[in-house]
2 protein chains.
Amino acid sequence: MVKPIENVAIFGGTHGNEMTGIYLVKKFLKNPHLLERKTLKVFPFLSNPKAIELSVRYTEIDLNRCFALEDIENLDNILYEQLLAKTIHQKLRNNQINFLIDIHSTTSAMGLTIILSDQNDFHLKLCSYLSLIYPELKILYYDSPEKNKLLRSNTDLGLTLEVGAIPQGVLEADLLMKTEQVIYSLLDYLDKYNQNKIEKKSHNLFIYEVFERIDYPRKEEEITAMIHPNLQSKDYQPINFGDPLFMTFEGETINYKGDSTVYPVFINESAYYEKGIAMCLTRRQEMTVNLG
Amino acid sequence: MVKPIENVAIFGGTHGNEMTGIYLVKKFLKNPHLLERKTLKVFPFLSNPKAIELSVRYTEIDLNRCFALEDIENLDNILYEQLLAKTIHQKLRNNQINFLIDIHSTTSAMGLTIILSDQNDFHLKLCSYLSLIYPELKILYYDSPEKNKLLRSNTDLGLTLEVGAIPQGVLEADLLMKTEQVIYSLLDYLDKYNQNKIEKKSHNLFIYEVFERIDYPRKEEEITAMIHPNLQSKDYQPINFGDPLFMTFEGETINYKGDSTVYPVFINESAYYEKGIAMCLTRRQEMTVNLG
């Protein structure tokens, strides 16, 4: 049983060229009444103002890989984002933040996605509540090797809101407004939770679990094939043995060779070229969650 | 009457995060036979290898604004891209380039677009020839204040191939393959032209002429409204008095106030936020072009 949530942080601009979170947080900073809930204190933050100013993902190192506790405590870590991570970590402690939303956008067609580093009961209920209001919302469970380095790892109950497809440096009105609504509903949930006012309900929740990351085909580092046109923008849609994954620059198709049905996500995310990720493969689980 | 075209240059990576041109030029460099035509010498170039390496539009100043002759000749211009422009200009002279294609991509949904700085007879015939093969191809006449600063201004017959929507830093297979085909057809045309082998034909050509650029609504520099959801991805579609252009962060709609039908392009182009351009308004002309 999770104790009442008292202090919530909402971050935008953890990557300085992902405009959705940046402009939502700017709106919240100007209009704090939008975040007011009876039992909550909500703190909006712009994570990386320097990267935001330059409209780049980061200036020296990806801020969203700088939050491992050993890195925070390492006094030799003095790249700009490493230093920034230390102050963000301290701010979160000083404000006793026990819930955190980090807003990101992606060039992949992932719609509205909540990303979780673990599947605890609290998160599953929250996601079920939101899925009932927003049936298009997807839940991605991503127990990645980097999970302890992420901003959301600063609290046990941190989560990422990932929306797309949106090019870097671009405001997309429709997805921005939807993201805003999800945040309000999420705060409503926390407020109701604190007051023990969640309505009893049962919900079948789908969770997409990342189990593998696939790089682009390469020859001596250089990419030799692109995401296949049939797969482009098809995040969360099932693929099976023999379905096309990539197309080489010579027009040859490279197919999926796995046996089971999988659901790719983060297909053709711009920032993942440098990380060697063309897509993440997920398996879909279904579970019954009892709310209230 | 234009003299035979002998030496053609094809540029990719004038902006280092526009991957379509970069990977096409890399393919051409590896497979020079793809560009071989009886009467042509074709030179593929990667314009800005340093920006390509970093996957950024430019490192110090937009290369595609550095080609004005007075800037090329100014020995005090020593920013990286200014220096680069001087060597590119010299290379083009040394190779006696008399036709030039500069491949760009955009986050706007502009499909396949040829951009011209002027409407000379040679270009109109070439565009008609290509439109007959690729009916979806759009012709944009953009007599912009910066036209003398563009890479394409290095020859009288330079043109830009602009394809989208593609996020920066992303390869989009379908548009890449279409762009490649247009380039081959364009070279075919030049080769036929040199041999006086263009078939006689009449064609109704549509040309979209940029006459105004509109910025995002701002308050003290800060953007106060986004492209309206109804206008997003609607490049080249007509709008009239009262049609929505922008939506404020508070959800209010800002409408188009002009009297005549216009066709917006470069709607929500990522790189144009810093240039103060939310879209370019065009008028559509129709003209009959006689080929051959």
# chains A, B, ... in the order shown; residues from 1 in each chain; ligands from 1
$ select_by_dssp --residues "stretch 122-232 of chain A" --states "helix (DSSP H, G or I)" --output "VMD selection string"
chain A and resid 122 to 133 147 to 149 151 to 154 173 to 194
$ calpha_fit_and_write --fixed "chain A" --moving "chain B" --output "short mmCIF file (atom, residue, chain, number, x, y, z; two decimals) with C-alpha atoms, in the first residue's frame"
data_model
loop_
_atom_site.label_atom_id
_atom_site.label_comp_id
_atom_site.auth_asym_id
_atom_site.auth_seq_id
_atom_site.Cartn_x
_atom_site.Cartn_y
_atom_site.Cartn_z
CA MET B 1 -0.02 0.04 -0.01
CA VAL B 2 1.46 3.32 -1.14
CA LYS B 3 1.26 6.21 1.33
CA PRO B 4 -0.59 9.36 0.25
CA ILE B 5 1.09 11.22 -2.60
CA GLU B 6 1.82 14.72 -1.37
CA ASN B 7 4.36 16.31 -3.65
CA VAL B 8 4.32 15.82 -7.39
CA ALA B 9 6.88 17.07 -9.92
CA ILE B 10 6.12 17.54 -13.63
CA PHE B 11 9.14 17.85 -15.91
CA GLY B 12 9.34 19.15 -19.45
CA GLY B 13 12.48 19.76 -21.48
CA THR B 14 14.55 16.90 -20.10
CA HIS B 15 15.44 16.78 -23.78
CA GLY B 16 15.67 20.38 -24.96
CA ASN B 17 14.18 19.78 -28.44
CA GLU B 18 11.03 17.98 -27.30
CA MET B 19 8.63 20.88 -27.35
CA THR B 20 5.43 19.31 -25.99
CA GLY B 21 6.69 19.04 -22.43
CA ILE B 22 8.50 22.36 -22.60
CA TYR B 23 5.42 24.35 -23.61
CA LEU B 24 3.13 22.49 -21.23
CA VAL B 25 5.44 23.21 -18.30
CA LYS B 26 5.71 26.86 -19.39
CA LYS B 27 1.90 26.99 -19.39
CA PHE B 28 1.77 25.42 -15.91
CA LEU B 29 4.37 27.86 -14.58
CA LYS B 30 2.26 30.77 -15.84
CA ASN B 31 -1.05 29.25 -14.67
CA PRO B 32 -0.36 27.37 -11.43
CA HIS B 33 -4.10 27.06 -10.73
CA LEU B 34 -4.30 24.44 -13.50
CA LEU B 35 -2.34 22.05 -11.30
CA GLU B 36 -4.12 22.80 -8.03
CA ARG B 37 -5.65 19.74 -6.36
CA LYS B 38 -6.99 19.52 -2.81
CA THR B 39 -4.41 17.08 -1.41
CA LEU B 40 -1.43 17.71 -3.72
CA LYS B 41 1.42 20.12 -4.15
CA VAL B 42 2.45 20.07 -7.79
CA PHE B 43 5.78 21.51 -8.98
CA PRO B 44 6.35 22.12 -12.70
CA PHE B 45 10.01 22.15 -13.77
CA LEU B 46 11.91 22.90 -16.97
CA SER B 47 14.66 20.30 -16.72
CA ASN B 48 17.37 21.61 -19.04
CA PRO B 49 16.93 25.35 -19.82
CA LYS B 50 20.30 25.54 -21.62
CA ALA B 51 19.37 22.73 -24.04
CA ILE B 52 15.89 24.25 -24.44
CA GLU B 53 17.46 27.61 -25.35
CA LEU B 54 19.59 25.89 -28.02
CA SER B 55 16.73 23.55 -29.07
CA VAL B 56 19.01 20.52 -28.78
CA ARG B 57 18.47 17.20 -27.00
CA TYR B 58 21.40 17.97 -24.67
CA THR B 59 24.53 20.09 -24.65
CA GLU B 60 27.17 17.58 -23.51
CA ILE B 61 25.57 14.32 -22.38
CA ASP B 62 21.99 13.00 -22.37
CA LEU B 63 20.49 14.36 -19.11
CA ASN B 64 18.12 11.42 -19.01
CA ARG B 65 21.08 9.07 -18.50
CA CYS B 66 22.68 11.03 -15.62
CA PHE B 67 20.57 10.08 -12.59
CA ALA B 68 22.21 6.87 -11.36
CA LEU B 69 22.96 7.44 -7.68
CA GLU B 70 26.65 6.62 -8.11
CA ASP B 71 26.84 9.24 -10.88
CA ILE B 72 25.00 11.84 -8.81
CA GLU B 73 27.46 11.25 -5.97
CA ASN B 74 30.56 11.18 -8.18
CA LEU B 75 32.30 14.52 -7.73
CA ASP B 76 34.37 13.96 -10.88
CA ASN B 77 31.24 14.06 -13.07
CA ILE B 78 31.36 17.64 -14.26
CA LEU B 79 29.79 17.65 -17.73
CA TYR B 80 26.97 20.20 -17.85
CA GLU B 81 24.10 17.70 -17.70
CA GLN B 82 25.88 15.67 -14.98
CA LEU B 83 26.03 18.79 -12.80
CA LEU B 84 22.43 19.64 -13.66
CA ALA B 85 21.32 16.15 -12.61
CA LYS B 86 22.85 16.69 -9.15
CA THR B 87 20.84 19.87 -8.58
CA ILE B 88 17.62 18.34 -9.90
CA HIS B 89 18.11 15.36 -7.62
CA GLN B 90 18.64 17.69 -4.65
CA LYS B 91 15.58 19.79 -5.54
CA LEU B 92 13.42 16.66 -5.63
CA ARG B 93 14.71 15.65 -2.19
CA ASN B 94 14.23 19.11 -0.73
CA ASN B 95 10.63 19.20 -1.95
CA GLN B 96 10.03 15.61 -0.78
CA ILE B 97 8.70 14.68 -4.21
CA ASN B 98 7.05 11.27 -4.12
CA PHE B 99 5.53 11.21 -7.59
CA LEU B 100 7.09 12.38 -10.84
CA ILE B 101 5.96 12.79 -14.46
CA ASP B 102 8.60 13.34 -17.13
CA ILE B 103 7.10 14.52 -20.45
CA HIS B 104 8.90 13.42 -23.61
CA SER B 105 8.10 13.33 -27.31
CA THR B 106 9.27 10.92 -29.99
CA THR B 107 9.47 10.86 -33.77
CA SER B 108 7.91 7.37 -33.57
CA ALA B 109 4.14 7.08 -33.98
CA MET B 110 3.58 6.03 -30.37
CA GLY B 111 0.53 8.19 -29.75
CA LEU B 112 0.06 8.70 -26.01
CA THR B 113 2.27 6.29 -24.06
CA ILE B 114 3.00 5.91 -20.36
CA ILE B 115 6.39 4.28 -19.77
CA LEU B 116 7.00 2.43 -16.51
CA SER B 117 10.24 0.96 -15.17
CA ASP B 118 8.32 -1.55 -13.08
CA GLN B 119 4.84 -2.96 -12.72
CA ASN B 120 3.80 -2.16 -9.19
CA ASP B 121 0.21 -2.27 -8.08
CA PHE B 122 -0.03 1.49 -7.71
CA HIS B 123 1.06 2.12 -11.30
CA LEU B 124 -1.20 -0.59 -12.70
CA LYS B 125 -4.23 0.93 -11.03
CA LEU B 126 -3.31 4.43 -12.13
CA CYS B 127 -2.81 3.24 -15.72
CA SER B 128 -6.12 1.39 -15.67
CA TYR B 129 -7.90 4.50 -14.44
CA LEU B 130 -6.37 6.54 -17.26
CA SER B 131 -7.01 3.83 -19.90
CA LEU B 132 -10.69 3.90 -19.00
CA ILE B 133 -10.76 7.63 -19.80
CA TYR B 134 -8.33 7.50 -22.75
CA PRO B 135 -8.78 4.16 -24.55
CA GLU B 136 -6.01 5.08 -27.02
CA LEU B 137 -3.44 5.38 -24.20
CA LYS B 138 -0.70 2.73 -24.36
CA ILE B 139 1.23 1.35 -21.38
CA LEU B 140 4.84 0.42 -22.01
CA TYR B 141 6.82 -1.53 -19.43
CA TYR B 142 10.47 -0.85 -20.16
CA ASP B 143 12.80 -2.50 -17.66
CA SER B 144 15.79 -1.14 -19.58
CA PRO B 145 19.47 -1.44 -18.64
CA GLU B 146 19.45 2.36 -18.20
CA LYS B 147 16.39 2.52 -15.96
CA ASN B 148 18.36 3.68 -12.90
CA LYS B 149 19.87 6.53 -14.91
CA LEU B 150 16.52 8.06 -15.92
CA LEU B 151 14.95 11.15 -14.44
CA ARG B 152 11.89 9.11 -13.53
CA SER B 153 14.07 6.88 -11.30
CA ASN B 154 14.34 9.74 -8.78
CA THR B 155 11.15 8.56 -7.11
CA ASP B 156 9.75 5.05 -6.71
CA LEU B 157 6.66 6.20 -8.53
CA GLY B 158 8.18 8.09 -11.44
CA LEU B 159 6.81 7.62 -14.92
CA THR B 160 7.41 8.97 -18.40
CA LEU B 161 4.74 10.36 -20.70
CA GLU B 162 5.94 9.76 -24.26
CA VAL B 163 3.97 11.27 -27.16
CA GLY B 164 4.43 11.07 -30.91
CA ALA B 165 4.97 11.15 -33.76
CA ILE B 166 6.37 14.67 -33.35
CA PRO B 167 9.55 15.88 -35.08
CA GLN B 168 12.15 17.39 -32.81
CA GLY B 169 11.77 21.14 -32.38
CA VAL B 170 8.10 21.09 -33.39
CA LEU B 171 4.86 21.87 -31.54
CA GLU B 172 2.01 19.57 -32.50
CA ALA B 173 -1.22 21.05 -31.17
CA ASP B 174 -3.37 17.94 -31.15
CA LEU B 175 -0.92 15.79 -29.20
CA LEU B 176 -0.03 18.66 -26.88
CA MET B 177 -3.67 19.14 -25.89
CA LYS B 178 -4.18 15.40 -25.38
CA THR B 179 -1.05 15.20 -23.23
CA GLU B 180 -2.33 18.11 -21.15
CA GLN B 181 -5.64 16.32 -20.54
CA VAL B 182 -3.89 13.10 -19.50
CA ILE B 183 -1.83 15.06 -16.96
CA TYR B 184 -4.94 16.65 -15.46
CA SER B 185 -6.62 13.24 -15.20
CA LEU B 186 -3.50 11.80 -13.63
CA LEU B 187 -3.49 14.53 -10.97
CA ASP B 188 -7.21 13.91 -10.41
CA TYR B 189 -6.43 10.26 -9.80
CA LEU B 190 -3.70 11.04 -7.25
CA ASP B 191 -6.01 13.45 -5.48
CA LYS B 192 -8.80 10.86 -5.35
CA TYR B 193 -6.36 8.19 -4.24
CA ASN B 194 -5.25 10.33 -1.31
CA GLN B 195 -8.87 10.73 -0.28
CA ASN B 196 -9.70 7.08 -0.83
CA LYS B 197 -12.26 8.11 -3.41
CA ILE B 198 -11.36 5.83 -6.35
CA GLU B 199 -14.46 4.16 -7.69
CA LYS B 200 -14.49 0.35 -7.58
CA LYS B 201 -14.10 -1.06 -11.07
CA SER B 202 -12.43 -3.91 -12.90
CA HIS B 203 -10.38 -3.28 -16.04
CA ASN B 204 -8.56 -5.42 -18.60
CA LEU B 205 -5.23 -3.66 -19.03
CA PHE B 206 -2.84 -4.33 -21.91
CA ILE B 207 0.84 -3.84 -21.14
CA TYR B 208 3.54 -3.86 -23.79
CA GLU B 209 6.80 -5.17 -22.35
CA VAL B 210 10.08 -4.37 -24.08
CA PHE B 211 12.23 -7.51 -24.32
CA GLU B 212 14.68 -6.68 -27.12
CA ARG B 213 16.20 -3.72 -28.92
CA ILE B 214 17.16 -4.01 -32.57
CA ASP B 215 19.75 -1.86 -34.32
CA TYR B 216 19.74 -0.88 -37.98
CA PRO B 217 21.73 -3.23 -40.21
CA ARG B 218 25.20 -1.71 -40.44
CA LYS B 219 28.52 -2.26 -42.17
CA GLU B 220 31.48 -0.76 -40.32
CA GLU B 221 29.14 1.46 -38.24
CA GLU B 222 27.43 2.84 -41.38
CA ILE B 223 23.69 2.14 -41.68
CA THR B 224 22.93 -0.11 -44.68
CA ALA B 225 19.13 -0.31 -44.40
CA MET B 226 16.14 1.82 -43.39
CA ILE B 227 12.94 0.99 -41.57
CA HIS B 228 10.80 -0.80 -44.16
CA PRO B 229 7.99 1.40 -45.58
CA ASN B 230 5.41 -1.18 -44.44
CA LEU B 231 6.65 -0.89 -40.84
CA GLN B 232 7.05 2.91 -40.72
CA SER B 233 4.59 4.52 -38.25
CA LYS B 234 3.21 1.10 -37.25
CA ASP B 235 4.19 1.22 -33.58
CA TYR B 236 2.20 -1.19 -31.37
CA GLN B 237 0.97 -3.18 -34.39
CA PRO B 238 1.71 -6.92 -34.35
CA ILE B 239 4.39 -8.43 -36.57
CA ASN B 240 5.13 -12.09 -37.18
CA PHE B 241 7.76 -14.31 -38.78
CA GLY B 242 8.41 -13.11 -42.33
CA ASP B 243 7.04 -9.59 -41.90
CA PRO B 244 9.34 -6.83 -43.25
CA LEU B 245 11.56 -4.91 -40.81
CA PHE B 246 14.12 -3.12 -42.97
CA MET B 247 14.80 -2.17 -46.57
CA THR B 248 18.37 -1.78 -47.82
CA PHE B 249 19.35 1.17 -49.98
CA GLU B 250 19.43 -1.31 -52.86
CA GLY B 251 15.75 -2.12 -52.24
CA GLU B 252 16.10 -5.53 -50.59
CA THR B 253 13.76 -6.43 -47.74
CA ILE B 254 14.99 -7.84 -44.43
CA ASN B 255 12.31 -9.79 -42.59
CA TYR B 256 11.53 -10.54 -38.98
CA LYS B 257 12.84 -14.01 -38.12
CA GLY B 258 11.33 -14.53 -34.67
CA ASP B 259 8.68 -17.17 -34.03
CA SER B 260 6.23 -15.30 -31.82
CA THR B 261 4.03 -12.28 -32.42
CA VAL B 262 5.73 -9.08 -31.28
CA TYR B 263 4.76 -5.40 -31.19
CA PRO B 264 7.53 -2.96 -32.17
CA VAL B 265 7.73 0.49 -30.58
CA PHE B 266 10.15 3.42 -30.90
CA ILE B 267 10.27 2.62 -34.63
CA ASN B 268 12.61 5.11 -36.33
CA GLU B 269 13.09 7.40 -33.31
CA SER B 270 15.49 10.12 -34.43
CA ALA B 271 17.53 10.28 -31.20
CA TYR B 272 18.07 6.51 -31.14
CA TYR B 273 20.20 6.35 -34.29
CA GLU B 274 23.19 7.33 -32.14
CA LYS B 275 22.17 4.80 -29.50
CA GLY B 276 21.99 1.96 -32.03
CA ILE B 277 18.26 1.34 -31.68
CA ALA B 278 16.02 1.08 -34.76
CA MET B 279 13.08 -0.20 -32.71
CA CYS B 280 12.22 -1.96 -29.45
CA LEU B 281 10.31 -5.23 -29.62
CA THR B 282 7.58 -5.80 -27.06
CA ARG B 283 5.31 -8.63 -26.04
CA ARG B 284 1.77 -7.82 -25.05
CA GLN B 285 0.36 -8.96 -21.73
CA GLU B 286 -3.25 -8.65 -20.66
CA MET B 287 -4.19 -8.47 -17.01
CA THR B 288 -7.25 -7.72 -14.96
CA VAL B 289 -6.79 -4.80 -12.58
CA ASN B 290 -9.23 -4.02 -9.79
CA LEU B 291 -9.57 -0.35 -9.08
CA GLY B 292 -10.73 1.26 -5.85
#
$ select_by_dssp --residues "stretch 24-205 of chain B" --states "strand (DSSP E)" --output "PyMOL selection string"
chain B and resi 41-46+99-105+111-116+138-141+158-164+201-205
